[in-house]
>>> print(open('protein16.txt').read())   # compact mmCIF, N, CA and C atoms
# COMPACT_ATOMS: atom_id res chain seq x y z
N MET A 498 79.15 110.75 97.43
CA MET A 498 78.68 111.44 98.62
C MET A 498 77.24 111.00 98.92
N ALA A 499 76.96 110.71 100.18
CA ALA A 499 75.63 110.26 100.59
C ALA A 499 74.64 111.42 100.54
N GLU A 500 73.39 111.08 100.27
CA GLU A 500 72.33 112.08 100.22
C GLU A 500 71.99 112.55 101.63
N PHE A 501 71.78 113.86 101.77
CA PHE A 501 71.43 114.43 103.07
C PHE A 501 69.96 114.15 103.38
N THR A 502 69.71 113.68 104.58
CA THR A 502 68.35 113.46 105.06
C THR A 502 68.18 114.22 106.36
N SER A 503 67.18 115.08 106.41
CA SER A 503 66.89 115.82 107.63
C SER A 503 66.02 114.97 108.55
N HIS A 504 66.33 115.01 109.82
CA HIS A 504 65.54 114.32 110.83
C HIS A 504 64.81 115.31 111.74
N MET A 505 64.70 116.56 111.27
CA MET A 505 64.05 117.58 112.09
C MET A 505 62.57 117.29 112.29
N GLN A 506 61.91 116.65 111.33
CA GLN A 506 60.49 116.34 111.53
C GLN A 506 60.30 115.39 112.71
N ALA A 507 61.21 114.45 112.90
CA ALA A 507 61.13 113.55 114.06
C ALA A 507 61.32 114.34 115.35
N ALA A 508 62.23 115.32 115.33
CA ALA A 508 62.42 116.17 116.51
C ALA A 508 61.17 117.01 116.76
N LEU A 509 60.55 117.52 115.71
CA LEU A 509 59.31 118.28 115.85
C LEU A 509 58.19 117.40 116.41
N ASP A 510 58.14 116.14 116.01
CA ASP A 510 57.15 115.21 116.58
C ASP A 510 57.35 115.08 118.08
N GLU A 511 58.60 114.99 118.51
CA GLU A 511 58.90 114.91 119.94
C GLU A 511 58.51 116.20 120.66
N ALA A 512 58.72 117.34 120.00
CA ALA A 512 58.34 118.64 120.59
C ALA A 512 56.82 118.72 120.76
N ARG A 513 56.08 118.26 119.76
CA ARG A 513 54.62 118.27 119.85
C ARG A 513 54.15 117.35 120.99
N ALA A 514 54.78 116.19 121.12
CA ALA A 514 54.43 115.27 122.20
C ALA A 514 54.72 115.91 123.56
N ALA A 515 55.83 116.64 123.66
CA ALA A 515 56.16 117.33 124.91
C ALA A 515 55.08 118.36 125.23
N ALA A 516 54.65 119.12 124.24
CA ALA A 516 53.61 120.13 124.46
C ALA A 516 52.32 119.47 124.94
N SER A 517 51.99 118.32 124.38
CA SER A 517 50.75 117.63 124.79
C SER A 517 50.82 117.15 126.24
N ARG A 518 52.04 117.01 126.77
CA ARG A 518 52.23 116.63 128.18
C ARG A 518 52.33 117.86 129.08
N GLY A 519 52.23 119.06 128.49
CA GLY A 519 52.36 120.29 129.27
C GLY A 519 53.79 120.74 129.46
N GLU A 520 54.70 120.14 128.70
CA GLU A 520 56.12 120.51 128.77
C GLU A 520 56.42 121.55 127.69
N VAL A 521 57.45 122.34 127.89
CA VAL A 521 57.89 123.27 126.85
C VAL A 521 58.22 122.43 125.61
N PRO A 522 57.66 122.79 124.45
CA PRO A 522 57.79 121.95 123.26
C PRO A 522 59.17 122.01 122.59
N VAL A 523 60.07 121.22 123.13
CA VAL A 523 61.38 121.05 122.53
C VAL A 523 61.57 119.55 122.33
N GLY A 524 62.03 119.18 121.14
CA GLY A 524 62.28 117.79 120.84
C GLY A 524 63.66 117.59 120.25
N ALA A 525 64.19 116.38 120.43
CA ALA A 525 65.53 116.07 119.94
C ALA A 525 65.60 114.62 119.48
N VAL A 526 66.43 114.38 118.48
CA VAL A 526 66.75 113.02 118.06
C VAL A 526 68.25 112.93 117.82
N VAL A 527 68.78 111.74 118.03
CA VAL A 527 70.19 111.46 117.75
C VAL A 527 70.24 110.40 116.66
N THR A 528 71.08 110.65 115.66
CA THR A 528 71.29 109.66 114.60
C THR A 528 72.71 109.13 114.69
N ASP A 529 72.85 107.86 114.35
CA ASP A 529 74.18 107.24 114.36
C ASP A 529 74.93 107.63 113.08
N PRO A 530 76.19 107.21 112.96
CA PRO A 530 76.96 107.60 111.76
C PRO A 530 76.32 107.14 110.44
N ALA A 531 75.49 106.10 110.48
CA ALA A 531 74.81 105.64 109.26
C ALA A 531 73.54 106.43 108.98
N GLY A 532 73.16 107.34 109.89
CA GLY A 532 71.98 108.17 109.69
C GLY A 532 70.69 107.61 110.26
N ARG A 533 70.78 106.52 111.03
CA ARG A 533 69.59 105.94 111.66
C ARG A 533 69.31 106.63 112.98
N ILE A 534 68.03 106.89 113.26
CA ILE A 534 67.65 107.46 114.55
C ILE A 534 67.83 106.38 115.61
N ILE A 535 68.66 106.68 116.62
CA ILE A 535 68.88 105.71 117.70
C ILE A 535 68.31 106.19 119.03
N ALA A 536 67.93 107.46 119.10
CA ALA A 536 67.35 108.00 120.33
C ALA A 536 66.49 109.20 119.98
N ARG A 537 65.43 109.38 120.77
CA ARG A 537 64.54 110.52 120.59
C ARG A 537 63.96 110.88 121.94
N ALA A 538 63.70 112.16 122.12
CA ALA A 538 63.14 112.61 123.40
C ALA A 538 62.54 114.00 123.24
N GLY A 539 61.63 114.31 124.15
CA GLY A 539 61.10 115.65 124.29
C GLY A 539 61.33 116.08 125.72
N ASN A 540 61.18 117.36 125.97
CA ASN A 540 61.36 117.86 127.34
C ASN A 540 60.49 117.08 128.32
N ARG A 541 61.03 116.80 129.50
CA ARG A 541 60.28 116.13 130.57
C ARG A 541 60.65 116.70 131.94
N THR A 542 61.00 117.98 131.99
CA THR A 542 61.43 118.57 133.26
C THR A 542 60.33 118.56 134.32
N ARG A 543 59.12 118.86 133.91
CA ARG A 543 58.00 118.87 134.87
C ARG A 543 57.61 117.46 135.27
N GLU A 544 57.47 116.60 134.29
CA GLU A 544 57.07 115.22 134.55
C GLU A 544 58.05 114.51 135.49
N MET A 545 59.35 114.73 135.26
CA MET A 545 60.37 114.03 136.03
C MET A 545 60.83 114.83 137.26
N HIS A 546 60.31 116.06 137.41
CA HIS A 546 60.77 116.94 138.49
C HIS A 546 62.29 117.04 138.47
N ASP A 547 62.80 117.32 137.26
CA ASP A 547 64.24 117.30 137.04
C ASP A 547 64.61 118.45 136.10
N PRO A 548 65.29 119.47 136.59
CA PRO A 548 65.64 120.59 135.73
C PRO A 548 66.62 120.23 134.62
N THR A 549 67.25 119.06 134.70
CA THR A 549 68.18 118.64 133.64
C THR A 549 67.50 117.78 132.58
N ALA A 550 66.21 117.52 132.69
CA ALA A 550 65.51 116.63 131.76
C ALA A 550 65.10 117.35 130.48
N HIS A 551 66.06 118.06 129.89
CA HIS A 551 65.84 118.70 128.60
C HIS A 551 65.87 117.62 127.51
N ALA A 552 65.22 117.90 126.40
CA ALA A 552 65.16 116.94 125.29
C ALA A 552 66.55 116.47 124.88
N GLU A 553 67.49 117.40 124.76
CA GLU A 553 68.84 117.04 124.32
C GLU A 553 69.51 116.09 125.29
N ILE A 554 69.42 116.39 126.58
CA ILE A 554 70.05 115.55 127.61
C ILE A 554 69.46 114.15 127.58
N LEU A 555 68.13 114.06 127.53
CA LEU A 555 67.47 112.75 127.52
C LEU A 555 67.84 111.96 126.26
N ALA A 556 67.89 112.62 125.11
CA ALA A 556 68.25 111.94 123.88
C ALA A 556 69.71 111.49 123.90
N ILE A 557 70.60 112.32 124.42
CA ILE A 557 72.02 111.95 124.51
C ILE A 557 72.18 110.76 125.46
N ARG A 558 71.50 110.78 126.60
CA ARG A 558 71.58 109.65 127.53
C ARG A 558 71.14 108.34 126.86
N ALA A 559 70.01 108.40 126.14
CA ALA A 559 69.49 107.21 125.47
C ALA A 559 70.44 106.75 124.36
N ALA A 560 71.01 107.69 123.62
CA ALA A 560 71.95 107.33 122.56
C ALA A 560 73.22 106.70 123.13
N CYS A 561 73.70 107.21 124.25
CA CYS A 561 74.88 106.63 124.89
C CYS A 561 74.59 105.19 125.35
N ARG A 562 73.39 104.98 125.89
CA ARG A 562 73.02 103.60 126.27
C ARG A 562 72.99 102.70 125.04
N ALA A 563 72.39 103.20 123.96
CA ALA A 563 72.30 102.41 122.72
C ALA A 563 73.68 102.11 122.15
N ALA A 564 74.58 103.06 122.24
CA ALA A 564 75.93 102.90 121.71
C ALA A 564 76.86 102.15 122.67
N GLY A 565 76.45 102.06 123.93
CA GLY A 565 77.30 101.41 124.93
C GLY A 565 78.55 102.22 125.23
N SER A 566 78.42 103.54 125.17
CA SER A 566 79.58 104.42 125.37
C SER A 566 79.12 105.78 125.86
N GLU A 567 80.00 106.47 126.56
CA GLU A 567 79.70 107.84 126.99
C GLU A 567 80.04 108.85 125.89
N ARG A 568 80.59 108.37 124.80
CA ARG A 568 80.97 109.24 123.69
C ARG A 568 80.23 108.82 122.43
N LEU A 569 79.89 109.80 121.62
CA LEU A 569 79.11 109.55 120.41
C LEU A 569 79.77 110.16 119.16
N PRO A 570 81.03 109.81 118.90
CA PRO A 570 81.67 110.37 117.70
C PRO A 570 80.93 109.92 116.45
N GLY A 571 80.81 110.83 115.50
CA GLY A 571 80.13 110.52 114.25
C GLY A 571 78.62 110.64 114.32
N HIS A 572 78.08 110.85 115.51
CA HIS A 572 76.63 110.97 115.68
C HIS A 572 76.19 112.41 115.46
N ARG A 573 74.90 112.54 115.14
CA ARG A 573 74.32 113.86 114.89
C ARG A 573 73.14 114.06 115.82
N LEU A 574 72.99 115.29 116.28
CA LEU A 574 71.87 115.67 117.15
C LEU A 574 71.01 116.67 116.41
N TRP A 575 69.71 116.39 116.38
CA TRP A 575 68.72 117.27 115.77
C TRP A 575 67.83 117.78 116.89
N VAL A 576 67.73 119.09 117.06
CA VAL A 576 66.92 119.66 118.14
C VAL A 576 66.17 120.88 117.64
N THR A 577 64.96 121.06 118.13
CA THR A 577 64.09 122.12 117.61
C THR A 577 64.44 123.52 118.08
N LEU A 578 65.19 123.63 119.15
CA LEU A 578 65.55 124.94 119.72
C LEU A 578 67.04 124.96 120.02
N GLU A 579 67.64 126.12 119.83
CA GLU A 579 69.05 126.30 120.16
C GLU A 579 69.32 125.78 121.57
N PRO A 580 70.27 124.87 121.73
CA PRO A 580 70.55 124.32 123.06
C PRO A 580 71.01 125.38 124.06
N CYS A 581 70.60 125.18 125.31
CA CYS A 581 71.03 126.05 126.41
C CYS A 581 72.49 125.72 126.75
N PRO A 582 73.13 126.49 127.61
CA PRO A 582 74.52 126.20 127.97
C PRO A 582 74.72 124.79 128.55
N MET A 583 73.79 124.31 129.39
CA MET A 583 73.92 122.98 129.96
C MET A 583 73.92 121.92 128.86
N CYS A 584 72.99 122.05 127.92
CA CYS A 584 72.89 121.08 126.84
C CYS A 584 74.07 121.18 125.89
N ALA A 585 74.54 122.38 125.61
CA ALA A 585 75.72 122.56 124.77
C ALA A 585 76.93 121.88 125.39
N ALA A 586 77.09 122.02 126.70
CA ALA A 586 78.20 121.36 127.39
C ALA A 586 78.08 119.84 127.28
N ALA A 587 76.86 119.31 127.39
CA ALA A 587 76.65 117.86 127.25
C ALA A 587 76.95 117.40 125.83
N ILE A 588 76.59 118.21 124.85
CA ILE A 588 76.89 117.89 123.45
C ILE A 588 78.40 117.79 123.26
N SER A 589 79.12 118.72 123.84
CA SER A 589 80.57 118.70 123.77
C SER A 589 81.15 117.48 124.48
N ALA A 590 80.67 117.22 125.68
CA ALA A 590 81.18 116.07 126.45
C ALA A 590 80.91 114.75 125.75
N ALA A 591 79.79 114.65 125.05
CA ALA A 591 79.44 113.42 124.34
C ALA A 591 80.16 113.31 123.00
N ARG A 592 80.84 114.36 122.59
CA ARG A 592 81.57 114.39 121.33
C ARG A 592 80.65 114.23 120.11
N ILE A 593 79.43 114.80 120.22
CA ILE A 593 78.51 114.80 119.09
C ILE A 593 79.22 115.47 117.91
N ALA A 594 79.16 114.86 116.73
CA ALA A 594 79.88 115.39 115.57
C ALA A 594 79.19 116.61 114.97
N THR A 595 77.85 116.53 114.86
CA THR A 595 77.12 117.60 114.18
C THR A 595 75.85 117.93 114.94
N LEU A 596 75.60 119.21 115.10
CA LEU A 596 74.39 119.71 115.75
C LEU A 596 73.56 120.45 114.71
N TYR A 597 72.30 120.05 114.58
CA TYR A 597 71.33 120.74 113.75
C TYR A 597 70.27 121.28 114.69
N TYR A 598 69.94 122.56 114.60
CA TYR A 598 68.85 123.06 115.42
C TYR A 598 67.96 124.01 114.64
N GLY A 599 66.74 124.16 115.17
CA GLY A 599 65.73 124.97 114.51
C GLY A 599 65.77 126.42 114.91
N ALA A 600 64.95 126.79 115.89
CA ALA A 600 64.80 128.19 116.29
C ALA A 600 65.96 128.66 117.16
N ASP A 601 66.34 129.90 116.95
CA ASP A 601 67.31 130.55 117.85
C ASP A 601 66.65 130.79 119.19
N ASP A 602 67.47 130.86 120.25
CA ASP A 602 66.98 131.20 121.58
C ASP A 602 67.83 132.33 122.14
N PRO A 603 67.51 133.59 121.76
CA PRO A 603 68.32 134.73 122.21
C PRO A 603 68.36 134.88 123.72
N ARG A 604 67.34 134.40 124.43
CA ARG A 604 67.28 134.57 125.89
C ARG A 604 68.08 133.51 126.63
N MET A 605 67.97 132.25 126.23
CA MET A 605 68.59 131.16 127.00
C MET A 605 69.56 130.31 126.19
N GLY A 606 69.77 130.64 124.93
CA GLY A 606 70.64 129.83 124.09
C GLY A 606 72.08 129.83 124.56
N GLY A 607 72.78 128.77 124.22
CA GLY A 607 74.18 128.65 124.61
C GLY A 607 75.10 128.35 123.45
N VAL A 608 74.58 128.46 122.22
CA VAL A 608 75.38 128.14 121.04
C VAL A 608 75.72 129.42 120.28
N ARG A 609 74.72 130.08 119.73
CA ARG A 609 74.92 131.34 118.99
C ARG A 609 74.66 132.56 119.87
N HIS A 610 74.01 132.35 120.99
CA HIS A 610 73.66 133.44 121.90
C HIS A 610 74.24 133.15 123.28
N GLY A 611 74.11 134.13 124.18
CA GLY A 611 74.50 133.91 125.58
C GLY A 611 75.91 133.39 125.76
N ALA A 612 76.03 132.25 126.40
CA ALA A 612 77.34 131.71 126.80
C ALA A 612 78.21 131.29 125.62
N ARG A 613 77.62 130.96 124.49
CA ARG A 613 78.39 130.51 123.32
C ARG A 613 79.43 129.48 123.73
N VAL A 614 78.95 128.41 124.29
CA VAL A 614 79.79 127.37 124.89
C VAL A 614 80.88 126.88 123.95
N PHE A 615 80.57 126.67 122.69
CA PHE A 615 81.55 126.09 121.76
C PHE A 615 82.66 127.07 121.38
N GLU A 616 82.46 128.36 121.66
CA GLU A 616 83.49 129.36 121.38
C GLU A 616 84.42 129.56 122.57
N HIS A 617 84.07 129.00 123.71
CA HIS A 617 84.88 129.17 124.92
C HIS A 617 86.22 128.45 124.75
N PRO A 618 87.32 129.05 125.15
CA PRO A 618 88.63 128.42 124.98
C PRO A 618 88.78 127.08 125.73
N GLN A 619 87.99 126.88 126.77
CA GLN A 619 88.09 125.63 127.52
C GLN A 619 87.18 124.52 126.97
N CYS A 620 86.43 124.82 125.93
CA CYS A 620 85.57 123.80 125.32
C CYS A 620 86.48 122.79 124.62
N HIS A 621 86.35 121.53 124.98
CA HIS A 621 87.26 120.50 124.45
C HIS A 621 86.77 119.85 123.16
N HIS A 622 85.52 120.03 122.80
CA HIS A 622 85.02 119.49 121.53
C HIS A 622 83.97 120.44 120.97
N ARG A 623 84.10 120.76 119.71
CA ARG A 623 83.16 121.66 119.05
C ARG A 623 82.51 120.93 117.88
N PRO A 624 81.20 120.74 117.94
CA PRO A 624 80.55 120.07 116.81
C PRO A 624 80.41 121.01 115.62
N GLU A 625 80.20 120.44 114.48
CA GLU A 625 79.78 121.22 113.31
C GLU A 625 78.35 121.67 113.62
N ILE A 626 78.01 122.90 113.30
CA ILE A 626 76.70 123.46 113.66
C ILE A 626 75.96 123.95 112.42
N HIS A 627 74.68 123.53 112.33
CA HIS A 627 73.79 124.01 111.28
C HIS A 627 72.51 124.49 111.97
N ASP A 628 72.23 125.77 111.87
CA ASP A 628 71.04 126.31 112.53
C ASP A 628 69.98 126.69 111.51
N GLY A 629 68.78 126.99 112.01
CA GLY A 629 67.70 127.44 111.15
C GLY A 629 66.95 126.32 110.44
N ILE A 630 67.19 125.07 110.79
CA ILE A 630 66.49 123.94 110.17
C ILE A 630 65.06 123.89 110.72
N ALA A 631 64.06 124.09 109.87
CA ALA A 631 62.65 124.13 110.29
C ALA A 631 62.43 125.15 111.41
N ALA A 632 63.14 126.26 111.31
CA ALA A 632 63.09 127.28 112.37
C ALA A 632 61.70 127.87 112.54
N THR A 633 61.01 128.13 111.45
CA THR A 633 59.68 128.73 111.56
C THR A 633 58.72 127.81 112.28
N GLU A 634 58.70 126.54 111.92
CA GLU A 634 57.81 125.59 112.58
C GLU A 634 58.18 125.42 114.06
N SER A 635 59.47 125.36 114.34
CA SER A 635 59.93 125.24 115.73
C SER A 635 59.51 126.45 116.55
N ARG A 636 59.72 127.63 116.00
CA ARG A 636 59.37 128.88 116.69
C ARG A 636 57.86 128.97 116.90
N THR A 637 57.08 128.58 115.90
CA THR A 637 55.62 128.63 116.01
C THR A 637 55.12 127.72 117.12
N LEU A 638 55.68 126.52 117.24
CA LEU A 638 55.30 125.62 118.33
C LEU A 638 55.50 126.28 119.69
N LEU A 639 56.65 126.91 119.86
CA LEU A 639 56.96 127.57 121.13
C LEU A 639 56.05 128.78 121.37
N THR A 640 55.85 129.60 120.34
CA THR A 640 55.01 130.79 120.47
C THR A 640 53.59 130.41 120.85
N GLU A 641 53.02 129.43 120.16
CA GLU A 641 51.66 129.00 120.45
C GLU A 641 51.54 128.41 121.86
N PHE A 642 52.54 127.63 122.25
CA PHE A 642 52.54 127.02 123.59
C PHE A 642 52.48 128.10 124.67
N PHE A 643 53.34 129.10 124.56
CA PHE A 643 53.39 130.13 125.60
C PHE A 643 52.21 131.11 125.49
N LYS A 644 51.71 131.34 124.29
CA LYS A 644 50.54 132.21 124.12
C LYS A 644 49.34 131.63 124.85
N ASP A 645 49.18 130.32 124.79
CA ASP A 645 48.07 129.64 125.45
C ASP A 645 48.18 129.68 126.97
N ARG A 646 49.36 129.95 127.49
CA ARG A 646 49.57 129.95 128.95
C ARG A 646 49.61 131.35 129.55
N ARG A 647 49.58 132.37 128.72
CA ARG A 647 49.67 133.74 129.24
C ARG A 647 48.37 134.45 129.14
>>> encode(input="protein16.txt", output="structure tokens")
Amino acid sequence: MAEFTSHMQAALDEARAAASRGEVPVGAVVTDPAGRIIARAGNRTREMHDPTAHAEILAIRAACRAAGSERLPGHRLWVTLEPCPMCAAAISAARIATLYYGADDPRMGGVRHGARVFEHPQCHHRPEIHDGIAATESRTLLTEFFKDRR
């Protein structure tokens, strides 16, 4: 059995970079079946004037380009915050094998909270889910970001 390697620190680096750009600090990375990072992104909704420019969406788009396919079987997504319903649907559509995320998002989450996209009977692909990875650090980034703006 291969040794487990977490890539959450790379996602946290992307979240910090997003915060430095004035974006909500969420970061994501996609790893291929061999465990190599093939895509990384942080939120860019304000910069791109695009409400769909969430870290997960941008990382999935880049990973699909790298893979030359609209599907990413065997790939893993690492994200600092529980994906929203839009991002959860994209994860399903891309056939991401495993989702790792940090902080829960009781207000806007779409995995364990809110819409619970993967539990919906019409969901055609359900990834393996591991939550709470570097949750404290992920939550602290978000808390500090919003504290500074209020």
>>> select_by_dssp(input="protein16.txt", residues="segment 505-641 of chain A", states="strand (DSSP E)", output="ChimeraX atom specification")
/A:524-528,534-539,573-578,595-600,625-627
>>> select_by_dssp(input="protein16.txt", residues="chain A", states="helix (DSSP H, G or I)", output="MDAnalysis selection string")
chainID A and resid 505:517 542:545 552:564 582:591 614:616 632:644
>>> closest_residue(input="protein16.txt", among="A:His610, A:Trp575, A:Lys644, A:Leu638", to="Ser517 of chain A", atoms="only C-alpha atoms")
A:Leu638
>>> axis_aligned_box(input="protein16.txt", around="segment 548-552 of chain A", padding_each_side="3 Å", output="lines of an AutoDock Vina configuration file")
center_x = 66.6
center_y = 118.5
center_z = 130.7
size_x = 9.1
size_y = 10.1
size_z = 17.7
>>> atom_distance(input="protein16.txt", atom1="atom CA of Glu641 of chain A", atom2="atom CA of Ile588 of chain A")
27.7 Å
>>> atom_distance(input="protein16.txt", atom1="atom CA of Asp510 of chain A", atom2="atom CA of Val526 of chain A")
10.0 Å
>>> closest_residue(input="protein16.txt", among="A:His622, A:Arg592, A:His551, A:Arg558", to="Leu578 of chain A", atoms="only C-alpha atoms")
A:His551
>>> build_atoms(input="protein16.txt", residues="segment 534-544 of chain A", atoms="all heavy atoms", output="tab-separated table (two decimals), in the coordinates of the input")
chain	number	residue	atom	x	y	z
A	534	ILE	N	68.03	106.89	113.26
A	534	ILE	CA	67.65	107.46	114.55
A	534	ILE	C	67.83	106.38	115.61
A	534	ILE	O	67.26	105.30	115.51
A	534	ILE	CB	66.19	107.96	114.55
A	534	ILE	CG1	66.06	109.16	113.60
A	534	ILE	CG2	65.75	108.35	115.97
A	534	ILE	CD1	64.64	109.66	113.42
A	535	ILE	N	68.66	106.68	116.62
A	535	ILE	CA	68.88	105.71	117.70
A	535	ILE	C	68.31	106.19	119.03
A	535	ILE	O	68.24	105.42	119.98
A	535	ILE	CB	70.38	105.35	117.86
A	535	ILE	CG1	71.21	106.58	118.24
A	535	ILE	CG2	70.91	104.68	116.60
A	535	ILE	CD1	72.58	106.23	118.77
A	536	ALA	N	67.93	107.46	119.10
A	536	ALA	CA	67.35	108.00	120.33
A	536	ALA	C	66.49	109.20	119.98
A	536	ALA	O	66.78	109.93	119.04
A	536	ALA	CB	68.44	108.39	121.32
A	537	ARG	N	65.43	109.38	120.77
A	537	ARG	CA	64.54	110.52	120.59
A	537	ARG	C	63.96	110.88	121.94
A	537	ARG	O	63.76	110.01	122.79
A	537	ARG	CB	63.45	110.22	119.57
A	537	ARG	CG	62.61	109.02	119.89
A	537	ARG	CD	61.50	108.74	118.88
A	537	ARG	NE	62.00	108.45	117.56
A	537	ARG	CZ	61.48	108.94	116.42
A	537	ARG	NH1	60.43	109.71	116.45
A	537	ARG	NH2	62.00	108.63	115.27
A	538	ALA	N	63.70	112.16	122.12
A	538	ALA	CA	63.14	112.61	123.40
A	538	ALA	C	62.54	114.00	123.24
A	538	ALA	O	62.90	114.75	122.34
A	538	ALA	CB	64.21	112.64	124.48
A	539	GLY	N	61.63	114.31	124.15
A	539	GLY	CA	61.10	115.65	124.29
A	539	GLY	C	61.33	116.08	125.72
A	539	GLY	O	61.63	115.25	126.59
A	540	ASN	N	61.18	117.36	125.97
A	540	ASN	CA	61.36	117.86	127.34
A	540	ASN	C	60.49	117.08	128.32
A	540	ASN	O	59.34	116.76	128.02
A	540	ASN	CB	60.98	119.33	127.42
A	540	ASN	CG	62.12	120.25	127.03
A	540	ASN	OD1	63.22	119.81	126.76
A	540	ASN	ND2	61.83	121.53	126.99
A	541	ARG	N	61.03	116.80	129.50
A	541	ARG	CA	60.28	116.13	130.57
A	541	ARG	C	60.65	116.70	131.94
A	541	ARG	O	60.62	116.00	132.95
A	541	ARG	CB	60.56	114.62	130.55
A	541	ARG	CG	59.98	113.92	129.33
A	541	ARG	CD	60.15	112.41	129.42
A	541	ARG	NE	59.58	111.75	128.27
A	541	ARG	CZ	58.30	111.39	128.15
A	541	ARG	NH1	57.45	111.61	129.13
A	541	ARG	NH2	57.87	110.80	127.05
A	542	THR	N	61.00	117.98	131.99
A	542	THR	CA	61.43	118.57	133.26
A	542	THR	C	60.33	118.56	134.32
A	542	THR	O	60.60	118.27	135.48
A	542	THR	CB	61.93	120.01	133.06
A	542	THR	OG1	60.88	120.80	132.49
A	542	THR	CG2	63.16	120.05	132.18
A	543	ARG	N	59.12	118.86	133.91
A	543	ARG	CA	58.00	118.87	134.87
A	543	ARG	C	57.61	117.46	135.27
A	543	ARG	O	57.42	117.17	136.45
A	543	ARG	CB	56.81	119.61	134.29
A	543	ARG	CG	57.09	121.08	134.15
A	543	ARG	CD	55.96	121.82	133.50
A	543	ARG	NE	56.37	123.23	133.40
A	543	ARG	CZ	55.54	124.22	133.40
A	543	ARG	NH1	54.24	124.01	133.47
A	543	ARG	NH2	55.98	125.44	133.31
A	544	GLU	N	57.47	116.60	134.29
A	544	GLU	CA	57.07	115.22	134.55
A	544	GLU	C	58.05	114.51	135.49
A	544	GLU	O	57.65	113.80	136.40
A	544	GLU	CB	56.99	114.46	133.23
A	544	GLU	CG	56.71	112.99	133.37
A	544	GLU	CD	56.79	112.26	132.05
A	544	GLU	OE1	56.51	112.87	130.99
A	544	GLU	OE2	57.15	111.08	132.06
